[in-house]
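Colleague: My file is upload.cif. It has mmCIF, C-alpha atoms:
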```cif
data_query
#
loop_
_atom_site.label_atom_id
_atom_site.label_comp_id
_atom_site.auth_asym_id
_atom_site.auth_seq_id
_atom_site.Cartn_x
_atom_site.Cartn_y
_atom_site.Cartn_z
CA MET L 640 52.91 -40.54 1.33
CA LYS L 641 50.00 -41.74 -0.81
CA TYR L 642 46.52 -42.16 0.65
CA VAL L 643 42.98 -43.07 -0.29
CA ALA L 644 40.03 -41.36 1.39
CA LEU L 645 36.87 -43.46 1.32
CA LEU L 646 33.73 -41.40 1.86
CA ARG L 647 30.74 -43.35 3.11
CA GLY L 648 27.19 -42.98 1.89
CA ILE L 649 27.51 -40.24 -0.71
CA ASN L 650 25.72 -40.09 -4.07
CA VAL L 651 23.40 -42.95 -3.17
CA GLY L 652 19.95 -42.14 -4.49
CA ASN L 653 19.25 -38.46 -3.87
CA ASN L 654 21.07 -38.34 -0.55
CA LYS L 655 24.30 -36.51 0.18
CA ARG L 656 25.04 -35.49 -3.40
CA ILE L 657 28.63 -34.43 -4.03
CA ASP L 658 30.20 -33.34 -7.29
CA MET L 659 33.58 -35.05 -7.75
CA LYS L 660 35.17 -31.93 -9.29
CA GLN L 661 34.13 -29.92 -6.24
CA LEU L 662 35.44 -32.68 -3.97
CA LYS L 663 38.79 -32.68 -5.78
CA LYS L 664 39.06 -28.89 -5.44
CA MET L 665 38.30 -29.12 -1.73
CA PHE L 666 41.14 -31.64 -1.24
CA GLU L 667 43.51 -29.42 -3.20
CA SER L 668 42.47 -26.39 -1.13
CA ILE L 669 43.77 -28.09 2.03
CA SER L 670 47.16 -28.64 0.40
CA TYR L 671 46.90 -32.27 -0.65
CA LYS L 672 48.90 -33.08 -3.77
CA ASN L 673 48.18 -35.17 -6.88
CA VAL L 674 44.49 -35.38 -6.04
CA SER L 675 42.22 -37.55 -8.18
CA THR L 676 38.79 -39.04 -7.69
CA TYR L 677 37.46 -42.33 -8.94
CA ILE L 678 33.82 -42.85 -9.84
CA ASN L 679 31.02 -41.08 -8.07
CA SER L 680 31.07 -43.08 -4.83
CA GLY L 681 33.62 -41.04 -2.90
CA ASN L 682 37.08 -42.41 -3.60
CA VAL L 683 39.87 -39.82 -3.42
CA ILE L 684 43.51 -40.60 -4.09
CA PHE L 685 46.02 -38.02 -2.88
CA GLU L 686 49.41 -37.37 -1.32
CA SER L 687 50.27 -35.72 1.97
CA ASP L 688 53.10 -35.53 4.49
CA ARG L 689 50.63 -35.58 7.39
CA ILE L 690 49.72 -38.64 9.45
CA PRO L 691 46.43 -40.49 8.79
CA THR L 692 44.66 -39.40 11.99
CA GLU L 693 45.37 -35.72 11.30
CA ILE L 694 44.32 -36.12 7.69
CA CYS L 695 41.03 -37.78 8.62
CA ILE L 696 40.09 -35.01 11.06
CA GLU L 697 41.05 -32.33 8.56
CA ILE L 698 39.04 -33.97 5.76
CA LYS L 699 35.93 -34.40 7.92
CA ILE L 700 36.01 -30.75 9.03
CA ASN L 701 36.45 -29.49 5.48
CA LEU L 702 33.79 -31.83 4.05
CA SER L 703 31.30 -30.54 6.59
CA LYS L 704 32.14 -26.91 5.74
CA GLU L 705 32.08 -27.49 1.99
CA PHE L 706 28.96 -29.64 1.70
CA ASN L 707 26.99 -28.74 4.87
CA PHE L 708 26.57 -32.29 6.15
CA GLU L 709 28.64 -34.90 7.95
CA ILE L 710 30.35 -37.56 5.84
CA PRO L 711 31.90 -40.57 7.58
CA THR L 712 35.38 -40.92 6.11
CA LEU L 713 38.15 -43.49 6.27
CA VAL L 714 41.72 -42.67 5.31
CA LYS L 715 43.89 -45.59 4.28
CA THR L 716 47.59 -45.54 3.46
CA GLU L 717 48.95 -46.97 0.24
CA GLN L 718 50.32 -49.94 2.21
CA GLU L 719 46.96 -50.64 3.88
CA ILE L 720 45.06 -50.53 0.57
CA LYS L 721 47.58 -52.79 -1.15
CA LYS L 722 47.60 -55.30 1.72
CA ILE L 723 43.79 -55.55 1.63
CA VAL L 724 43.72 -56.04 -2.14
CA GLN L 725 46.49 -58.64 -1.99
CA ALA L 726 44.28 -60.66 0.38
CA ILE L 727 41.57 -60.97 -2.30
CA PRO L 728 41.95 -64.27 -4.16
CA ASN L 729 42.70 -63.64 -7.85
CA GLU L 730 39.73 -65.73 -8.94
CA TRP L 731 37.27 -63.59 -6.95
CA GLU L 732 35.59 -61.24 -9.38
CA ASN L 733 32.39 -59.42 -10.19
CA ASN L 734 30.86 -61.10 -13.19
CA SER L 735 27.73 -62.97 -14.23
CA ILE L 736 28.57 -65.83 -11.86
CA GLN L 737 29.95 -64.24 -8.70
CA ARG L 738 30.00 -61.07 -6.66
CA THR L 739 32.94 -59.87 -4.57
CA ASP L 740 32.93 -56.85 -2.25
CA VAL L 741 35.33 -55.21 0.19
CA ALA L 742 33.88 -53.65 3.34
CA TYR L 743 36.46 -51.19 4.66
CA LEU L 744 35.98 -51.04 8.42
CA PHE L 745 35.87 -48.04 10.71
CA PRO L 746 38.05 -48.52 13.83
CA GLU L 747 35.08 -49.35 16.11
CA VAL L 748 34.47 -52.63 14.24
CA ASP L 749 37.92 -53.40 12.87
CA PHE L 750 38.34 -56.83 14.40
CA LYS L 751 37.92 -60.40 13.15
CA GLU L 752 34.92 -61.12 15.38
CA THR L 753 32.87 -58.59 13.39
CA ILE L 754 32.32 -61.34 10.81
CA ASN L 755 30.31 -63.31 13.39
CA LEU L 756 28.06 -60.31 14.06
CA LEU L 757 27.01 -59.79 10.45
CA PRO L 758 23.61 -61.05 9.27
CA MET L 759 24.92 -63.45 6.64
CA ASN L 760 24.36 -67.12 6.04
CA LYS L 761 28.03 -68.07 5.94
CA GLU L 762 27.19 -71.41 4.35
CA PHE L 763 26.75 -69.50 1.08
CA VAL L 764 29.40 -66.78 1.47
CA ASP L 765 33.17 -67.06 1.52
CA ILE L 766 34.04 -64.27 3.94
CA ARG L 767 37.47 -63.22 5.21
CA TYR L 768 38.85 -60.64 7.59
CA ILE L 769 42.08 -58.73 7.12
CA ASP L 770 43.14 -55.72 9.18
CA GLY L 771 40.99 -52.86 7.95
CA ALA L 772 38.48 -54.83 5.92
CA ILE L 773 36.14 -57.73 5.45
CA ILE L 774 36.10 -59.32 2.01
CA TRP L 775 33.35 -61.59 0.74
CA ASN L 776 32.54 -63.58 -2.35
CA VAL L 777 29.21 -65.16 -3.19
CA ASN L 778 27.92 -67.13 -6.13
CA LYS L 779 25.13 -65.01 -7.61
CA ASP L 780 22.80 -68.03 -7.63
CA ASN L 781 23.16 -68.10 -3.84
CA TYR L 782 22.93 -64.34 -3.23
CA ASN L 783 19.45 -64.44 -1.66
CA LYS L 784 20.33 -67.51 0.40
CA SER L 785 23.45 -65.71 1.66
CA GLN L 786 21.26 -62.98 3.19
CA LEU L 787 23.80 -60.32 2.11
CA ASN L 788 20.80 -58.15 1.24
CA LYS L 789 20.12 -57.83 4.99
CA LEU L 790 23.48 -56.18 5.59
CA THR L 791 22.35 -52.66 4.65
CA GLY L 792 19.77 -52.66 7.46
CA HIS L 793 22.18 -53.95 10.10
CA LYS L 794 23.63 -51.63 12.77
CA LEU L 795 27.23 -52.51 11.79
CA TYR L 796 26.68 -51.40 8.21
CA LYS L 797 27.06 -47.76 9.27
CA LEU L 798 30.56 -48.58 10.49
CA MET L 799 31.86 -49.77 7.13
CA THR L 800 32.06 -48.49 3.60
CA VAL L 801 31.69 -51.06 0.84
CA ARG L 802 33.35 -51.08 -2.57
CA ASN L 803 33.14 -53.76 -5.23
CA VAL L 804 36.28 -55.72 -5.99
CA ASN L 805 36.88 -53.83 -9.25
CA THR L 806 36.99 -50.51 -7.41
CA ALA L 807 39.23 -51.94 -4.69
CA ARG L 808 41.69 -53.26 -7.24
CA TYR L 809 41.62 -50.04 -9.27
CA LEU L 810 42.40 -47.92 -6.21
CA SER L 811 45.30 -50.18 -5.33
CA ASN L 812 46.69 -49.99 -8.87
CA CYS L 813 46.55 -46.17 -8.78
CA LEU L 814 48.91 -46.03 -5.82
#
```
Go through the file and emit its structure as structure tokens.
Modeller:
Amino acid sequence: MKYVALLRGINVGNNKRIDMKQLKKMFESISYKNVSTYINSGNVIFESDRIPTEICIEIKINLSKEFNFEIPTLVKTEQEIKKIVQAIPNEWENNSIQRTDVAYLFPEVDFKETINLLPMNKEFVDIRYIDGAIIWNVNKDNYNKSQLNKLTGHKLYKLMTVRNVNTARYLSNCL
């Protein structure tokens, strides 16, 4: 089965620096097949016969051993990734006019009501929940009004890992 591992909070500033070649080798060392990484933000595509919960535990243990720090990690199946991407309206993009992001949710906050707990001015953001993720789109002229910039300081932010729409679509197309 094909999977995507989404590592949270790596290679941001000078914190939790991870080389993608080393990350790929680590995944291969625990017998995952057809391993590839995408950009420097911790996206790993791979194949395994194991179930997602086992994979997630195994990855977290090996990441900690390999890099000497904890890395929150989500493991999504091919079907989960594709379903999330299919929920993104085709016209939602990242360009000079609009910004679209996908917040992949850790199990503790994977419910629709999470939207209501986020510090956003929903008058300026089109925000949608789908199992496993929250997707939002904002006109760049309204970005400050949307208060999306407050999200990184919110307690729920640590329970999600955000990718831009281009990355989300790329990962889906790789599967």
Colleague: L:Lys722, L:Gly681, L:Lys672, L:Phe666: which is nearest Asn650 in chain L, counting only C-alpha atoms?
Modeller: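 Checking each of L:Lys722, L:Gly681, L:Lys672, L:Phe666 against Asn650 in chain L, counting only C-alpha atoms, the winner is L:Gly681.
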Colleague: Using all atoms listed in the file, which of L:Glu693, L:Glu747, L:Asp740, L:Glu709 sits nearest Val801 in chain L?
Modeller: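 Nearest candidate to Val801 in chain L out of L:Glu693, L:Glu747, L:Asp740, L:Glu709: L:Asp740.
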Colleague: Write out as a PyMOL selection string which residues come within 12 Å of Asn755 in chain L when counting all atoms listed in the file, dropping same-chain ones fewer than 5 positions away.
Modeller: chain L and resi 748+750+760-761+766-768+773+795
Colleague: Counting all atoms listed in the file, which residues have an atom no more than 6 Å from (33.2, -57.8, -6.1) in the file's coordinates? Please list them as JSON, numbers by chain.
Modeller: {"L": [732, 733, 738, 739, 740, 803, 804]}
Colleague: Quick check, in Å to one decimal: how far apart do CA of Val724 in chain L and CA of Lys664 in chain L lie?
Modeller: 27.7 Å
Colleague: One decimal, Å: what's the distance from CA of Glu686 in chain L over to CA of Asn673 in chain L, could you say?
Modeller: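 CA of Asn673 in chain L lies 6.1 Å from CA of Glu686 in chain L.
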Colleague: Would you kindly return, as a PyMOL selection string, each protein, DNA or RNA residue with an atom no farther than 10 Å from any atom of range 640-649 of chain L, considering all atoms listed in the file and excluding same-chain residues fewer than 4 positions away?
Modeller: chain L and resi 653-658+671-676+679-691+694-695+698-699+702+709-720+743+797-802+810-811+813-814
Colleague: State, in Å with one decimal place, the distance from CA of Gly771 in chain L to CA of Ser703 in chain L.
Modeller: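 If I compute the distance from CA of Gly771 in chain L to CA of Ser703 in chain L, I get 24.4 Å.
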Colleague: Check the smallest atom-to-atom distance from each of L:Asn805, L:Asn812, L:Thr791, L:Ser735 to Val777 in chain L using only C-alpha atoms, then report the winner.
Modeller: L:Ser735
Colleague: Using all atoms listed in the file and a cutoff of 10 Å, can you tell me which residues are near (25.9, -69.6, -0.3) in the file's coordinates, and write them out as a VMD selection string?
Modeller: chain L and resid 759 to 765 776 to 787
Colleague: Which is closest to Ile678 in chain L among L:Ala807, L:Ile774, L:Leu790, L:Leu756, if we use all atoms listed in the file?
Modeller: L:Ala807
Colleague: So, counting all atoms listed in the file, which residue among L:Val651, L:Leu744, L:Leu757, L:Met659 is closest to Ala772 in chain L?
Modeller: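 For Ala772 in chain L, the nearest of the candidates is L:Leu744.
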Colleague: Compare L:Lys789, L:Glu752, L:Met665, L:Ile769 by their minimum atom-to-atom distance to Lys704 in chain L, counting all atoms listed in the file, and give me the closest one.
Modeller: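 Residue with the minimum atom-to-atom distance to Lys704 in chain L: L:Met665.
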Colleague: N, CA, C and O atoms for range 679-704 of chain L, written as an mmCIF file, in the frame of the given file, could you do that?
Modeller:
```cif
data_model
loop_
_atom_site.group_PDB
_atom_site.id
_atom_site.type_symbol
_atom_site.label_atom_id
_atom_site.label_comp_id
_atom_site.auth_asym_id
_atom_site.auth_seq_id
_atom_site.Cartn_x
_atom_site.Cartn_y
_atom_site.Cartn_z
ATOM 1 N N ASN L 679 31.832 -42.029 -8.810
ATOM 2 C CA ASN L 679 31.020 -41.080 -8.070
ATOM 3 C C ASN L 679 30.729 -41.507 -6.625
ATOM 4 O O ASN L 679 29.908 -40.914 -5.969
ATOM 5 N N SER L 680 31.409 -42.550 -6.145
ATOM 6 C CA SER L 680 31.070 -43.080 -4.830
ATOM 7 C C SER L 680 31.985 -42.612 -3.704
ATOM 8 O O SER L 680 31.943 -43.148 -2.601
ATOM 9 N N GLY L 681 32.831 -41.620 -3.978
ATOM 10 C CA GLY L 681 33.620 -41.040 -2.900
ATOM 11 C C GLY L 681 34.958 -41.702 -2.651
ATOM 12 O O GLY L 681 35.289 -42.058 -1.523
ATOM 13 N N ASN L 682 35.731 -41.863 -3.701
ATOM 14 C CA ASN L 682 37.080 -42.410 -3.600
ATOM 15 C C ASN L 682 38.049 -41.313 -4.025
ATOM 16 O O ASN L 682 37.993 -40.857 -5.164
ATOM 17 N N VAL L 683 38.934 -40.899 -3.115
ATOM 18 C CA VAL L 683 39.870 -39.820 -3.420
ATOM 19 C C VAL L 683 41.283 -40.316 -3.159
ATOM 20 O O VAL L 683 41.597 -40.785 -2.059
ATOM 21 N N ILE L 684 42.108 -40.218 -4.179
ATOM 22 C CA ILE L 684 43.510 -40.600 -4.090
ATOM 23 C C ILE L 684 44.309 -39.302 -3.996
ATOM 24 O O ILE L 684 44.060 -38.360 -4.755
ATOM 25 N N PHE L 685 45.269 -39.263 -3.069
ATOM 26 C CA PHE L 685 46.020 -38.020 -2.880
ATOM 27 C C PHE L 685 47.327 -38.307 -2.148
ATOM 28 O O PHE L 685 47.554 -39.424 -1.672
ATOM 29 N N GLU L 686 48.144 -37.280 -2.051
ATOM 30 C CA GLU L 686 49.410 -37.370 -1.320
ATOM 31 C C GLU L 686 49.454 -36.293 -0.252
ATOM 32 O O GLU L 686 48.925 -35.201 -0.432
ATOM 33 N N SER L 687 50.100 -36.658 0.872
ATOM 34 C CA SER L 687 50.270 -35.720 1.970
ATOM 35 C C SER L 687 51.431 -36.179 2.845
ATOM 36 O O SER L 687 51.734 -37.370 2.913
ATOM 37 N N ASP L 688 52.044 -35.216 3.527
ATOM 38 C CA ASP L 688 53.100 -35.530 4.490
ATOM 39 C C ASP L 688 52.546 -35.717 5.895
ATOM 40 O O ASP L 688 53.285 -36.061 6.813
ATOM 41 N N ARG L 689 51.259 -35.462 6.075
ATOM 42 C CA ARG L 689 50.630 -35.580 7.390
ATOM 43 C C ARG L 689 50.338 -37.039 7.732
ATOM 44 O O ARG L 689 50.303 -37.894 6.862
ATOM 45 N N ILE L 690 50.050 -37.281 9.013
ATOM 46 C CA ILE L 690 49.720 -38.640 9.450
ATOM 47 C C ILE L 690 48.218 -38.896 9.263
ATOM 48 O O ILE L 690 47.423 -37.952 9.263
ATOM 49 N N PRO L 691 47.830 -40.158 9.095
ATOM 50 C CA PRO L 691 46.430 -40.490 8.790
ATOM 51 C C PRO L 691 45.394 -39.909 9.756
ATOM 52 O O PRO L 691 44.350 -39.426 9.313
ATOM 53 N N THR L 692 45.665 -39.917 11.053
ATOM 54 C CA THR L 692 44.660 -39.400 11.990
ATOM 55 C C THR L 692 44.434 -37.907 11.808
ATOM 56 O O THR L 692 43.303 -37.439 11.845
ATOM 57 N N GLU L 693 45.502 -37.153 11.566
ATOM 58 C CA GLU L 693 45.370 -35.720 11.300
ATOM 59 C C GLU L 693 44.615 -35.482 10.001
ATOM 60 O O GLU L 693 43.750 -34.604 9.920
ATOM 61 N N ILE L 694 44.963 -36.259 8.992
ATOM 62 C CA ILE L 694 44.320 -36.120 7.690
ATOM 63 C C ILE L 694 42.819 -36.371 7.802
ATOM 64 O O ILE L 694 42.007 -35.618 7.272
ATOM 65 N N CYS L 695 42.447 -37.418 8.489
ATOM 66 C CA CYS L 695 41.030 -37.780 8.620
ATOM 67 C C CYS L 695 40.241 -36.665 9.290
ATOM 68 O O CYS L 695 39.158 -36.290 8.817
ATOM 69 N N ILE L 696 40.767 -36.116 10.354
ATOM 70 C CA ILE L 696 40.090 -35.010 11.060
ATOM 71 C C ILE L 696 39.967 -33.803 10.134
ATOM 72 O O ILE L 696 38.900 -33.204 10.017
ATOM 73 N N GLU L 697 41.045 -33.477 9.457
ATOM 74 C CA GLU L 697 41.050 -32.330 8.560
ATOM 75 C C GLU L 697 40.040 -32.511 7.414
ATOM 76 O O GLU L 697 39.300 -31.580 7.069
ATOM 77 N N ILE L 698 39.984 -33.696 6.850
ATOM 78 C CA ILE L 698 39.040 -33.970 5.760
ATOM 79 C C ILE L 698 37.605 -33.848 6.255
ATOM 80 O O ILE L 698 36.774 -33.197 5.616
ATOM 81 N N LYS L 699 37.305 -34.443 7.394
ATOM 82 C CA LYS L 699 35.930 -34.400 7.920
ATOM 83 C C LYS L 699 35.471 -32.955 8.170
ATOM 84 O O LYS L 699 34.348 -32.579 7.843
ATOM 85 N N ILE L 700 36.342 -32.153 8.755
ATOM 86 C CA ILE L 700 36.010 -30.750 9.030
ATOM 87 C C ILE L 700 35.737 -30.008 7.720
ATOM 88 O O ILE L 700 34.753 -29.299 7.594
ATOM 89 N N ASN L 701 36.605 -30.200 6.747
ATOM 90 C CA ASN L 701 36.450 -29.490 5.480
ATOM 91 C C ASN L 701 35.270 -29.999 4.666
ATOM 92 O O ASN L 701 34.609 -29.211 3.986
ATOM 93 N N LEU L 702 34.978 -31.299 4.728
ATOM 94 C CA LEU L 702 33.790 -31.830 4.050
ATOM 95 C C LEU L 702 32.526 -31.203 4.612
ATOM 96 O O LEU L 702 31.631 -30.805 3.870
ATOM 97 N N SER L 703 32.469 -31.119 5.932
ATOM 98 C CA SER L 703 31.300 -30.540 6.590
ATOM 99 C C SER L 703 31.109 -29.075 6.188
ATOM 100 O O SER L 703 29.996 -28.629 5.910
ATOM 101 N N LYS L 704 32.205 -28.322 6.151
ATOM 102 C CA LYS L 704 32.140 -26.910 5.740
ATOM 103 C C LYS L 704 31.718 -26.775 4.283
ATOM 104 O O LYS L 704 30.902 -25.938 3.941
#
```
